[in-house]
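structure01.pdb follows (PDB, C-alpha atoms, pLDDT in the B column):
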```
ATOM      1  CA  MET A   4       0.000   0.000   0.000  1.00 49.00           C
ATOM      2  CA  SER A   5       1.270   3.454  -0.847  1.00 61.00           C
ATOM      3  CA  GLU A   6       2.261   5.853   1.924  1.00 83.00           C
ATOM      4  CA  ARG A   7      -0.751   7.562   3.455  1.00 91.00           C
ATOM      5  CA  VAL A   8      -1.225  11.323   3.328  1.00 95.00           C
ATOM      6  CA  PRO A   9      -0.267  12.625   6.795  1.00 94.00           C
ATOM      7  CA  LEU A  10      -3.150  13.922   8.892  1.00 96.00           C
ATOM      8  CA  TYR A  11      -2.828  17.665   9.483  1.00 96.00           C
ATOM      9  CA  GLU A  12      -4.396  18.297  12.878  1.00 94.00           C
ATOM     10  CA  TRP A  13      -4.219  22.092  12.921  1.00 96.00           C
ATOM     11  CA  SER A  14      -6.310  24.858  11.401  1.00 97.00           C
ATOM     12  CA  LEU A  15      -5.916  26.560   8.049  1.00 97.00           C
ATOM     13  CA  GLU A  16      -4.936  29.698   9.944  1.00 97.00           C
ATOM     14  CA  ASP A  17      -2.151  27.767  11.674  1.00 97.00           C
ATOM     15  CA  ALA A  18      -1.081  26.297   8.335  1.00 97.00           C
ATOM     16  CA  VAL A  19      -0.825  29.726   6.706  1.00 97.00           C
ATOM     17  CA  ARG A  20       1.111  31.116   9.667  1.00 97.00           C
ATOM     18  CA  ASN A  21       3.561  28.195   9.590  1.00 96.00           C
ATOM     19  CA  ASN A  22       3.888  28.088   5.796  1.00 98.00           C
ATOM     20  CA  GLU A  23       2.196  24.668   5.712  1.00 97.00           C
ATOM     21  CA  ARG A  24      -0.820  25.436   3.565  1.00 97.00           C
ATOM     22  CA  ASP A  25      -0.006  22.633   1.118  1.00 98.00           C
ATOM     23  CA  LEU A  26       0.077  20.112   3.981  1.00 97.00           C
ATOM     24  CA  TRP A  27      -3.298  21.373   5.207  1.00 98.00           C
ATOM     25  CA  ARG A  28      -4.802  21.211   1.701  1.00 98.00           C
ATOM     26  CA  GLU A  29      -3.634  17.650   1.025  1.00 98.00           C
ATOM     27  CA  SER A  30      -4.940  16.495   4.399  1.00 98.00           C
ATOM     28  CA  TYR A  31      -8.262  18.303   3.871  1.00 98.00           C
ATOM     29  CA  LYS A  32      -8.723  16.584   0.507  1.00 98.00           C
ATOM     30  CA  GLU A  33      -7.958  13.212   2.076  1.00 98.00           C
ATOM     31  CA  ASN A  34     -10.426  13.931   4.900  1.00 98.00           C
ATOM     32  CA  CYS A  35     -13.142  14.564   2.301  1.00 98.00           C
ATOM     33  CA  ASP A  36     -12.190  11.410   0.416  1.00 98.00           C
ATOM     34  CA  CYS A  37     -12.333   9.405   3.655  1.00 98.00           C
ATOM     35  CA  ALA A  38     -15.801  10.736   4.508  1.00 98.00           C
ATOM     36  CA  ARG A  39     -17.114   9.805   1.052  1.00 98.00           C
ATOM     37  CA  ALA A  40     -15.533   6.341   1.337  1.00 98.00           C
ATOM     38  CA  ILE A  41     -17.292   5.789   4.670  1.00 98.00           C
ATOM     39  CA  GLU A  42     -20.600   6.806   3.085  1.00 98.00           C
ATOM     40  CA  ARG A  43     -20.083   4.315   0.245  1.00 98.00           C
ATOM     41  CA  ALA A  44     -19.097   1.570   2.671  1.00 98.00           C
ATOM     42  CA  ILE A  45     -22.231   2.105   4.741  1.00 98.00           C
ATOM     43  CA  ASN A  46     -24.445   2.200   1.660  1.00 97.00           C
ATOM     44  CA  GLU A  47     -22.938  -0.947   0.174  1.00 97.00           C
ATOM     45  CA  ASN A  48     -22.903  -2.986   3.387  1.00 97.00           C
ATOM     46  CA  TYR A  49     -26.299  -2.229   4.916  1.00 95.00           C
ATOM     47  CA  HIS A  50     -28.597  -5.129   4.100  1.00 93.00           C
ATOM     48  CA  ASP A  51     -31.600  -6.678   5.825  1.00 90.00           C
ATOM     49  CA  ASN A  52     -31.519  -4.065   8.592  1.00 90.00           C
ATOM     50  CA  VAL A  53     -27.923  -4.978   9.462  1.00 92.00           C
ATOM     51  CA  LEU A  54     -24.737  -2.989   8.889  1.00 94.00           C
ATOM     52  CA  HIS A  55     -22.243  -5.674   7.987  1.00 93.00           C
ATOM     53  CA  ASP A  56     -18.556  -5.326   8.858  1.00 91.00           C
ATOM     54  CA  CYS A  57     -17.085  -2.604   6.656  1.00 96.00           C
ATOM     55  CA  VAL A  58     -14.768  -0.712   8.994  1.00 98.00           C
ATOM     56  CA  LYS A  59     -11.497  -2.586   8.534  1.00 97.00           C
ATOM     57  CA  PRO A  60     -10.984  -1.745   4.827  1.00 97.00           C
ATOM     58  CA  ILE A  61     -11.547   1.952   5.586  1.00 98.00           C
ATOM     59  CA  ILE A  62      -9.014   1.900   8.428  1.00 97.00           C
ATOM     60  CA  GLU A  63      -6.565   0.010   6.218  1.00 97.00           C
ATOM     61  CA  ARG A  64      -6.892   2.634   3.491  1.00 97.00           C
ATOM     62  CA  TYR A  65      -6.921   5.828   5.569  1.00 98.00           C
ATOM     63  CA  GLY A  66      -5.426   4.842   8.927  1.00 97.00           C
ATOM     64  CA  PHE A  67      -6.835   5.034  12.437  1.00 97.00           C
ATOM     65  CA  ASP A  68      -6.000   8.701  12.964  1.00 97.00           C
ATOM     66  CA  ARG A  69      -7.859  10.032   9.936  1.00 98.00           C
ATOM     67  CA  VAL A  70     -10.857   7.732  10.404  1.00 98.00           C
ATOM     68  CA  ASN A  71     -11.162   8.820  14.040  1.00 98.00           C
ATOM     69  CA  PHE A  72     -10.719  12.459  12.995  1.00 98.00           C
ATOM     70  CA  VAL A  73     -13.457  12.317  10.329  1.00 98.00           C
ATOM     71  CA  LEU A  74     -15.896  10.402  12.545  1.00 98.00           C
ATOM     72  CA  ALA A  75     -15.317  12.686  15.545  1.00 98.00           C
ATOM     73  CA  ASN A  76     -15.826  15.696  13.287  1.00 98.00           C
ATOM     74  CA  THR A  77     -19.105  14.199  12.068  1.00 98.00           C
ATOM     75  CA  VAL A  78     -20.462  13.746  15.590  1.00 98.00           C
ATOM     76  CA  GLN A  79     -19.320  17.200  16.664  1.00 98.00           C
ATOM     77  CA  GLN A  80     -21.102  18.733  13.696  1.00 97.00           C
ATOM     78  CA  LYS A  81     -24.267  16.771  14.474  1.00 97.00           C
ATOM     79  CA  LYS A  82     -24.066  16.944  18.269  1.00 95.00           C
ATOM     80  CA  GLU A  83     -27.785  17.702  18.654  1.00 96.00           C
ATOM     81  CA  ASP A  84     -28.793  14.549  16.801  1.00 97.00           C
ATOM     82  CA  GLU A  85     -30.023  12.024  19.356  1.00 97.00           C
ATOM     83  CA  ARG A  86     -29.334   9.128  17.010  1.00 97.00           C
ATOM     84  CA  PHE A  87     -25.684   9.389  18.030  1.00 98.00           C
ATOM     85  CA  SER A  88     -25.094   7.745  21.399  1.00 98.00           C
ATOM     86  CA  GLU A  89     -24.000   9.812  24.387  1.00 98.00           C
ATOM     87  CA  ASP A  90     -20.902   7.623  24.650  1.00 98.00           C
ATOM     88  CA  ASN A  91     -19.926   8.418  21.060  1.00 98.00           C
ATOM     89  CA  LYS A  92     -20.595  12.117  21.650  1.00 98.00           C
ATOM     90  CA  LYS A  93     -18.300  12.046  24.674  1.00 97.00           C
ATOM     91  CA  TRP A  94     -15.633  10.245  22.634  1.00 98.00           C
ATOM     92  CA  ALA A  95     -15.945  12.775  19.806  1.00 98.00           C
ATOM     93  CA  ARG A  96     -15.448  15.690  22.206  1.00 97.00           C
ATOM     94  CA  SER A  97     -12.124  14.175  23.284  1.00 94.00           C
ATOM     95  CA  ILE A  98     -10.677  14.682  19.787  1.00 96.00           C
ATOM     96  CA  HIS A  99      -9.621  18.179  18.793  1.00 95.00           C
ATOM     97  CA  ILE A 100     -10.984  19.280  15.426  1.00 97.00           C
ATOM     98  CA  PRO A 101      -9.927  22.764  14.200  1.00 97.00           C
ATOM     99  CA  ARG A 102     -12.818  25.179  13.682  1.00 93.00           C
ATOM    100  CA  ASP A 103     -12.203  25.653   9.970  1.00 95.00           C
ATOM    101  CA  GLU A 104     -15.336  26.636   8.068  1.00 95.00           C
ATOM    102  CA  VAL A 105     -14.770  23.818   5.570  1.00 97.00           C
ATOM    103  CA  ARG A 106     -14.921  21.052   8.194  1.00 96.00           C
ATOM    104  CA  TRP A 107     -18.493  20.466   7.046  1.00 97.00           C
ATOM    105  CA  HIS A 108     -17.029  19.114   3.825  1.00 98.00           C
ATOM    106  CA  PHE A 109     -15.693  16.016   5.577  1.00 98.00           C
ATOM    107  CA  THR A 110     -18.794  15.262   7.612  1.00 98.00           C
ATOM    108  CA  VAL A 111     -20.227  11.802   6.929  1.00 98.00           C
ATOM    109  CA  GLU A 112     -23.753  12.329   5.554  1.00 98.00           C
ATOM    110  CA  SER A 113     -25.038   8.778   5.834  1.00 97.00           C
ATOM    111  CA  HIS A 114     -28.054   8.068   8.031  1.00 97.00           C
ATOM    112  CA  PRO A 115     -26.985   9.073  11.575  1.00 97.00           C
ATOM    113  CA  GLY A 116     -28.125   5.786  13.081  1.00 97.00           C
ATOM    114  CA  LEU A 117     -25.997   3.816  10.632  1.00 97.00           C
ATOM    115  CA  THR A 118     -23.065   6.187  11.079  1.00 98.00           C
ATOM    116  CA  ASN A 119     -23.362   5.638  14.829  1.00 98.00           C
ATOM    117  CA  LEU A 120     -23.081   1.870  14.253  1.00 97.00           C
ATOM    118  CA  PHE A 121     -20.025   2.428  12.063  1.00 98.00           C
ATOM    119  CA  ILE A 122     -18.452   4.521  14.826  1.00 98.00           C
ATOM    120  CA  ASN A 123     -19.139   1.753  17.347  1.00 98.00           C
ATOM    121  CA  ASP A 124     -17.260  -0.713  15.131  1.00 97.00           C
ATOM    122  CA  ALA A 125     -14.394   1.721  14.498  1.00 98.00           C
ATOM    123  CA  ARG A 126     -13.977   2.327  18.223  1.00 98.00           C
ATOM    124  CA  LYS A 127     -13.932  -1.432  18.887  1.00 98.00           C
ATOM    125  CA  GLU A 128     -11.069  -1.761  16.394  1.00 97.00           C
ATOM    126  CA  TRP A 129      -9.212   1.020  18.211  1.00 97.00           C
ATOM    127  CA  GLN A 130      -9.827  -0.490  21.632  1.00 97.00           C
ATOM    128  CA  SER A 131      -8.585  -3.868  20.406  1.00 97.00           C
ATOM    129  CA  LEU A 132      -5.110  -2.334  20.114  1.00 97.00           C
ATOM    130  CA  GLY A 133      -4.904  -2.348  23.927  1.00 97.00           C
ATOM    131  CA  LEU A 134      -2.971   0.909  24.083  1.00 97.00           C
ATOM    132  CA  PHE A 135      -1.744   2.702  27.180  1.00 97.00           C
ATOM    133  CA  ASP A 136      -3.603   5.876  28.150  1.00 95.00           C
ATOM    134  CA  HIS A 137      -3.595   8.435  30.962  1.00 93.00           C
ATOM    135  CA  THR A 138      -5.008   5.883  33.420  1.00 94.00           C
ATOM    136  CA  HIS A 139      -1.695   3.997  33.195  1.00 96.00           C
ATOM    137  CA  CYS A 140       0.370   7.093  33.963  1.00 95.00           C
ATOM    138  CA  ILE A 141       1.451   8.903  37.113  1.00 94.00           C
ATOM    139  CA  ASP A 142      -1.129  11.489  38.100  1.00 87.00           C
ATOM    140  CA  GLU A 143       0.211  14.793  36.869  1.00 78.00           C
ATOM    141  CA  THR A 144      -1.027  18.269  37.707  1.00 71.00           C
ATOM    142  CA  ASP A 145      -0.240  20.988  35.170  1.00 61.00           C
ATOM    143  CA  GLY A 146       2.680  19.028  33.699  1.00 63.00           C
ATOM    144  CA  GLN A 147       4.867  19.181  36.800  1.00 86.00           C
ATOM    145  CA  ILE A 148       6.666  15.823  36.457  1.00 93.00           C
ATOM    146  CA  ASP A 149      10.301  15.692  35.340  1.00 95.00           C
ATOM    147  CA  TYR A 150      10.506  12.882  32.787  1.00 96.00           C
ATOM    148  CA  THR A 151      14.278  12.385  33.041  1.00 96.00           C
ATOM    149  CA  GLY A 152      15.027   8.718  33.735  1.00 95.00           C
ATOM    150  CA  LYS A 153      11.398   7.670  33.353  1.00 96.00           C
ATOM    151  CA  VAL A 154       9.536   5.510  30.859  1.00 97.00           C
ATOM    152  CA  VAL A 155       6.906   7.683  29.229  1.00 97.00           C
ATOM    153  CA  VAL A 156       3.876   6.863  27.083  1.00 98.00           C
ATOM    154  CA  ILE A 157       3.732   8.367  23.590  1.00 98.00           C
ATOM    155  CA  LYS A 158       0.382   9.533  22.214  1.00 96.00           C
ATOM    156  CA  PRO A 159      -0.871   7.021  19.608  1.00 96.00           C
ATOM    157  CA  THR A 160      -1.440   9.815  17.089  1.00 94.00           C
ATOM    158  CA  GLU A 161       2.341  10.342  16.978  1.00 94.00           C
ATOM    159  CA  LEU A 162       2.911   6.773  15.780  1.00 95.00           C
ATOM    160  CA  LYS A 163       2.227   5.140  12.441  1.00 93.00           C
ATOM    161  CA  ASP A 164      -0.457   2.470  12.608  1.00 94.00           C
ATOM    162  CA  GLU A 165       2.048  -0.396  12.530  1.00 93.00           C
ATOM    163  CA  TYR A 166       3.626   1.022  15.700  1.00 94.00           C
ATOM    164  CA  LYS A 167       0.340   1.684  17.509  1.00 97.00           C
ATOM    165  CA  THR A 168       1.041  -1.014  20.085  1.00 97.00           C
ATOM    166  CA  PRO A 169       1.724  -0.877  23.831  1.00 97.00           C
ATOM    167  CA  LYS A 170       5.342  -1.752  23.021  1.00 96.00           C
ATOM    168  CA  GLY A 171       5.629   0.990  20.437  1.00 97.00           C
ATOM    169  CA  GLN A 172       4.237   3.588  22.835  1.00 98.00           C
ATOM    170  CA  LEU A 173       6.958   3.213  25.456  1.00 98.00           C
ATOM    171  CA  PHE A 174       9.922   5.582  25.373  1.00 98.00           C
ATOM    172  CA  TYR A 175      12.728   6.014  27.900  1.00 97.00           C
ATOM    173  CA  ALA A 176      13.424   9.705  28.499  1.00 97.00           C
ATOM    174  CA  GLU A 177      17.146  10.338  28.971  1.00 96.00           C
ATOM    175  CA  SER A 178      17.602  14.079  28.567  1.00 95.00           C
ATOM    176  CA  GLY A 179      16.393  17.237  26.872  1.00 96.00           C
ATOM    177  CA  ASN A 180      14.792  20.471  27.989  1.00 95.00           C
ATOM    178  CA  GLY A 181      11.369  18.966  27.376  1.00 95.00           C
ATOM    179  CA  CYS A 182      11.904  16.538  30.257  1.00 96.00           C
ATOM    180  CA  ARG A 183      11.621  19.417  32.690  1.00 93.00           C
ATOM    181  CA  PRO A 184       8.226  20.978  33.368  1.00 89.00           C
ATOM    182  CA  ASN A 185       7.727  24.596  32.324  1.00 85.00           C
ATOM    183  CA  SER A 186      10.921  24.606  30.246  1.00 88.00           C
ATOM    184  CA  ILE A 187      11.050  26.719  27.084  1.00 90.00           C
ATOM    185  CA  GLY A 188      12.410  23.768  25.094  1.00 91.00           C
ATOM    186  CA  THR A 189      10.169  20.786  24.350  1.00 95.00           C
ATOM    187  CA  LYS A 190      12.473  18.012  23.072  1.00 97.00           C
ATOM    188  CA  VAL A 191      12.702  14.803  25.094  1.00 97.00           C
ATOM    189  CA  TYR A 192      15.629  12.640  23.989  1.00 97.00           C
ATOM    190  CA  GLY A 193      15.826   8.918  24.621  1.00 96.00           C
ATOM    191  CA  PHE A 194      15.099   5.528  23.087  1.00 96.00           C
ATOM    192  CA  HIS A 195      12.350   2.958  22.627  1.00 96.00           C
ATOM    193  CA  PRO A 196      12.910   0.015  25.011  1.00 96.00           C
ATOM    194  CA  ASP A 197      11.457  -2.477  22.515  1.00 93.00           C
ATOM    195  CA  ASN A 198      14.202  -1.972  19.916  1.00 92.00           C
ATOM    196  CA  GLY A 199      16.693   0.603  21.222  1.00 92.00           C
ATOM    197  CA  ASP A 200      15.874   3.164  18.500  1.00 93.00           C
ATOM    198  CA  LYS A 201      17.057   6.581  19.643  1.00 94.00           C
ATOM    199  CA  GLY A 202      15.628   9.987  18.851  1.00 95.00           C
ATOM    200  CA  TYR A 203      13.291  12.499  20.427  1.00 97.00           C
ATOM    201  CA  TYR A 204       9.680  13.448  20.907  1.00 97.00           C
ATOM    202  CA  ARG A 205       8.175  16.731  22.039  1.00 96.00           C
ATOM    203  CA  ARG A 206       6.782  16.980  25.547  1.00 95.00           C
ATOM    204  CA  TYR A 207       3.335  17.565  24.062  1.00 92.00           C
ATOM    205  CA  ASP A 208       3.640  14.229  22.201  1.00 96.00           C
ATOM    206  CA  ILE A 209       3.698  12.428  25.565  1.00 96.00           C
ATOM    207  CA  ILE A 210       0.680  11.292  27.580  1.00 95.00           C
ATOM    208  CA  GLY A 211       2.679  10.957  30.792  1.00 95.00           C
ATOM    209  CA  ALA A 212       5.128   8.861  32.784  1.00 96.00           C
ATOM    210  CA  LEU A 213       4.171   5.181  33.026  1.00 97.00           C
ATOM    211  CA  ARG A 214       3.376   3.938  36.517  1.00 96.00           C
ATOM    212  CA  ASP A 215       5.825   1.292  37.740  1.00 95.00           C
ATOM    213  CA  GLU A 216       3.198  -1.430  38.085  1.00 96.00           C
ATOM    214  CA  TYR A 217       2.499  -1.275  34.345  1.00 97.00           C
ATOM    215  CA  LEU A 218       6.129  -1.550  33.221  1.00 96.00           C
ATOM    216  CA  PRO A 219       6.489  -4.966  31.494  1.00 95.00           C
ATOM    217  CA  ASP A 220       9.328  -7.320  32.427  1.00 95.00           C
ATOM    218  CA  TRP A 221      10.674  -7.231  28.865  1.00 95.00           C
ATOM    219  CA  ALA A 222      10.986  -3.449  29.124  1.00 95.00           C
ATOM    220  CA  LYS A 223      12.925  -3.696  32.395  1.00 93.00           C
ATOM    221  CA  GLU A 224      15.379  -6.106  30.749  1.00 92.00           C
ATOM    222  CA  ASN A 225      15.784  -3.941  27.662  1.00 93.00           C
ATOM    223  CA  LEU A 226      16.289  -0.779  29.680  1.00 92.00           C
ATOM    224  CA  ALA A 227      19.389  -2.383  31.191  1.00 86.00           C
ATOM    225  CA  LYS A 228      20.453  -3.608  27.745  1.00 83.00           C
ATOM    226  CA  PHE A 229      19.997  -0.362  25.810  1.00 81.00           C
ATOM    227  CA  GLY A 230      20.476   2.146  28.610  1.00 69.00           C
ATOM    228  CA  ASN A 231      24.271   2.239  28.582  1.00 56.00           C
ATOM    229  CA  THR A 232      24.496   4.791  25.797  1.00 48.00           C
ATOM    230  CA  GLU A 233      25.891   8.276  25.505  1.00 46.00           C
ATOM    231  CA  GLU A 234      23.451  10.914  26.661  1.00 44.00           C
ATOM    232  CA  GLN A 235      22.055  13.298  24.087  1.00 43.00           C
ATOM    233  CA  SER A 236      23.090  16.920  24.350  1.00 42.00           C
ATOM    234  CA  ASP A 237      20.632  18.925  26.445  1.00 44.00           C
ATOM    235  CA  ALA A 238      21.186  22.056  24.411  1.00 45.00           C
ATOM    236  CA  GLU A 239      18.447  23.218  22.099  1.00 48.00           C
ATOM    237  CA  SER A 240      19.032  25.918  19.580  1.00 41.00           C
ATOM    238  CA  PRO A 241      16.425  28.540  18.642  1.00 38.00           C
ATOM    239  CA  ALA A 242      15.858  26.539  15.442  1.00 40.00           C
ATOM    240  CA  GLU A 243      14.430  23.777  17.595  1.00 46.00           C
ATOM    241  CA  ASP A 244      12.904  21.787  14.768  1.00 43.00           C
ATOM    242  CA  GLY A 245      16.254  20.579  13.507  1.00 42.00           C
ATOM    243  CA  GLY A 246      17.574  17.091  14.187  1.00 41.00           C
ATOM    244  CA  MET A 247      16.017  13.658  14.156  1.00 45.00           C
ATOM    245  CA  THR A 248      12.623  12.870  15.542  1.00 53.00           C
ATOM    246  CA  ILE A 249      11.183   9.391  15.768  1.00 59.00           C
ATOM    247  CA  GLY A 250       7.611  10.561  16.098  1.00 54.00           C
ATOM    248  CA  GLY A 251       5.691   8.217  13.809  1.00 53.00           C
ATOM    249  CA  MET A 252       8.730   5.909  13.706  1.00 48.00           C
TER     250      MET A 252
END
```
Starting from the coordinates I provided, produce the structure as structure tokens.
Amino acid sequence: MSERVPLYEWSLEDAVRNNERDLWRESYKENCDCARAIERAINENYHDNVLHDCVKPIIERYGFDRVNFVLANTVQQKKEDERFSEDNKKWARSIHIPRDEVRWHFTVESHPGLTNLFINDARKEWQSLGLFDHTHCIDETDGQIDYTGKVVVIKPTELKDEYKTPKGQLFYAESGNGCRPNSIGTKVYGFHPDNGDKGYYRRYDIIGALRDEYLPDWAKENLAKFGNTEEQSDAESPAEDGGMTIGGM
């Protein structure tokens, strides 16, 4: 399968300000294409009052992040429609969708009851990944935890679908200004315990520090194996975007 178009999570205004309008446009077009594909899938797979399984091919084509983005946008745009469940409305509110005027263009316009069923199936696929979330992390108030020397949990949206696994989410934070709360810099340097790959994430790419009781035995062994490496420089230049990031692997 060809490489997917990256999901652009920010507004058109942000894109213009950051000279990323082309990235926004390509993602917007793919969002619209995804919404139309969902409509076709629902239309083609609803028979005898049953919506047959049609979620997996859509996720395979567009990826979890875009499918979740388009479905959450749909529910947010139709939040007064009682045919969407309260649970799905709550889920949709948890996903940030920029307030661009054109977001209506990638709203799924199938029957709301059928769209709600499709969302149920899509969320089951997501939950089957068994990913870590904030409930597995140390309780943190206003980002006050220093991540240095801790295993942190990376947000799933920062990882390609093939790395959206509990193993792929774990990252050992070694250094970087982003380890420290309220620092100007945001980079957190370290490595993935599952394979030793080094690089950095931004502090805002991290859900939190994993609680000790959830740290797998394999990770403890690999931390000792991969941990004896030279520490990354803690300096961050004003051009902070330079260097290697392993966000998305």
Determine, for each residue of stretch 94-145 of chain A having at least one atom at most 7 Å from an atom of stretch 73-87 of chain A, the closest pair of atoms and their separation in Å to one decimal, counting only C-alpha atoms; order by chain and ascending number, as JSON lines.
```
{"residue": "A:Ala95", "atom": "CA", "partner": "A:Ala75", "partner_atom": "CA", "distance": 4.3}
{"residue": "A:Arg96", "atom": "CA", "partner": "A:Gln79", "partner_atom": "CA", "distance": 6.9}
{"residue": "A:Ile98", "atom": "CA", "partner": "A:Ala75", "partner_atom": "CA", "distance": 6.6}
{"residue": "A:Ile100", "atom": "CA", "partner": "A:Asn76", "partner_atom": "CA", "distance": 6.4}
{"residue": "A:Phe109", "atom": "CA", "partner": "A:Val73", "partner_atom": "CA", "distance": 6.4}
{"residue": "A:Thr110", "atom": "CA", "partner": "A:Thr77", "partner_atom": "CA", "distance": 4.6}
{"residue": "A:Val111", "atom": "CA", "partner": "A:Thr77", "partner_atom": "CA", "distance": 5.8}
{"residue": "A:Pro115", "atom": "CA", "partner": "A:Arg86", "partner_atom": "CA", "distance": 5.9}
{"residue": "A:Gly116", "atom": "CA", "partner": "A:Arg86", "partner_atom": "CA", "distance": 5.3}
{"residue": "A:Asn119", "atom": "CA", "partner": "A:Phe87", "partner_atom": "CA", "distance": 5.5}
{"residue": "A:Ile122", "atom": "CA", "partner": "A:Leu74", "partner_atom": "CA", "distance": 6.8}
```
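Take atom CA of A:Thr151 and atom CA of A:Leu218: the distance between them is 16.1 Å.
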**Request:** Report the distance between atom CA of A:Phe174 and atom CA of A:Val154 in Å, rounded to one decimal place.
**Result:** 5.5 Å
**Item:** Given all atoms listed in the file as the counted atoms, nearest of A:Glu42, A:Glu6, A:Asp68, A:Asp36 to A:His99
**Value:** A:Asp68
**Asked** A:Phe194: which residues within 10 Å, counting all atoms listed in the file, same-chain residues fewer than 2 positions away excluded, as JSON, numbers by chain?
**Response** {"A": [154, 173, 174, 175, 176, 177, 191, 192, 196, 197, 198, 199, 200, 201, 202, 203, 204, 226, 229, 230, 232, 249]}
**Asked** How would you write, as a ChimeraX atom specification, the residues chosen by the PyMOL selection byres ((chain A and resi 128-144) around 8) on this structure?
**Response** /A:59,67,124-127,145-148,156,159,167-169,172,210-214,217
**Contacts of stretch 15-32 of chain A at 12 Å (all atoms listed in the file; same-chain gap of 4+ positions) as a list in words** =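 Residues meeting the cut-off are Arg7, Val8, Pro9, Leu10, Tyr11, Asp36, Cys37, Ala38, Arg39, Tyr65, Asp68, Arg69, Phe72, Val73, Ile100, Pro101, Arg102, Asp103, Glu104, Val105, Arg106, Trp107, His108, Phe109 and Thr110 of chain A.
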**Asked** Any idea what the distance is between atom CA of A:Asn34 and atom CA of A:Val70?
**Response**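 Going from atom CA of A:Asn34 over to atom CA of A:Val70, I get 8.3 Å.
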**Message:** List as a list in words the protein and nucleic acid residues near A:Val53, meaning an atom at most 12 Å away when all atoms listed in the file are counted, but skip any in the same chain fewer than 6 places from it.
**Reply:**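 So, after excluding close chain neighbours, the residues are Ile45, Asn46, Glu47, Gly116, Leu117, Leu120 and Phe121 of chain A.
Of the residues listed (A:Asn225, A:Asn185, A:Asn71, A:Ser14), A:Asn225 shows the shortest atom-to-atom separation from A:Lys170; distances use all atoms listed in the file.
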**Request:** Would you mind listing what lies within 10 Å of A:Pro60 as a PyMOL selection string, with all atoms listed in the file counted and same-chain residues fewer than 3 positions away left out?
**Result:** chain A and resi 40-41+44+56-57+63-66
**Asked** Counting only C-alpha atoms, which of A:Gly193, A:Ala227, A:Val155, A:Glu12 gets nearest to A:Ser178?
**Response**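 The closest residue to A:Ser178 is A:Gly193.
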**Request:** Using only C-alpha atoms, pick whichever of A:Asn123, A:Tyr49, A:Thr160, A:Ile209 has the shortest atom-to-atom distance to A:Asp90.
**Result:** A:Asn123
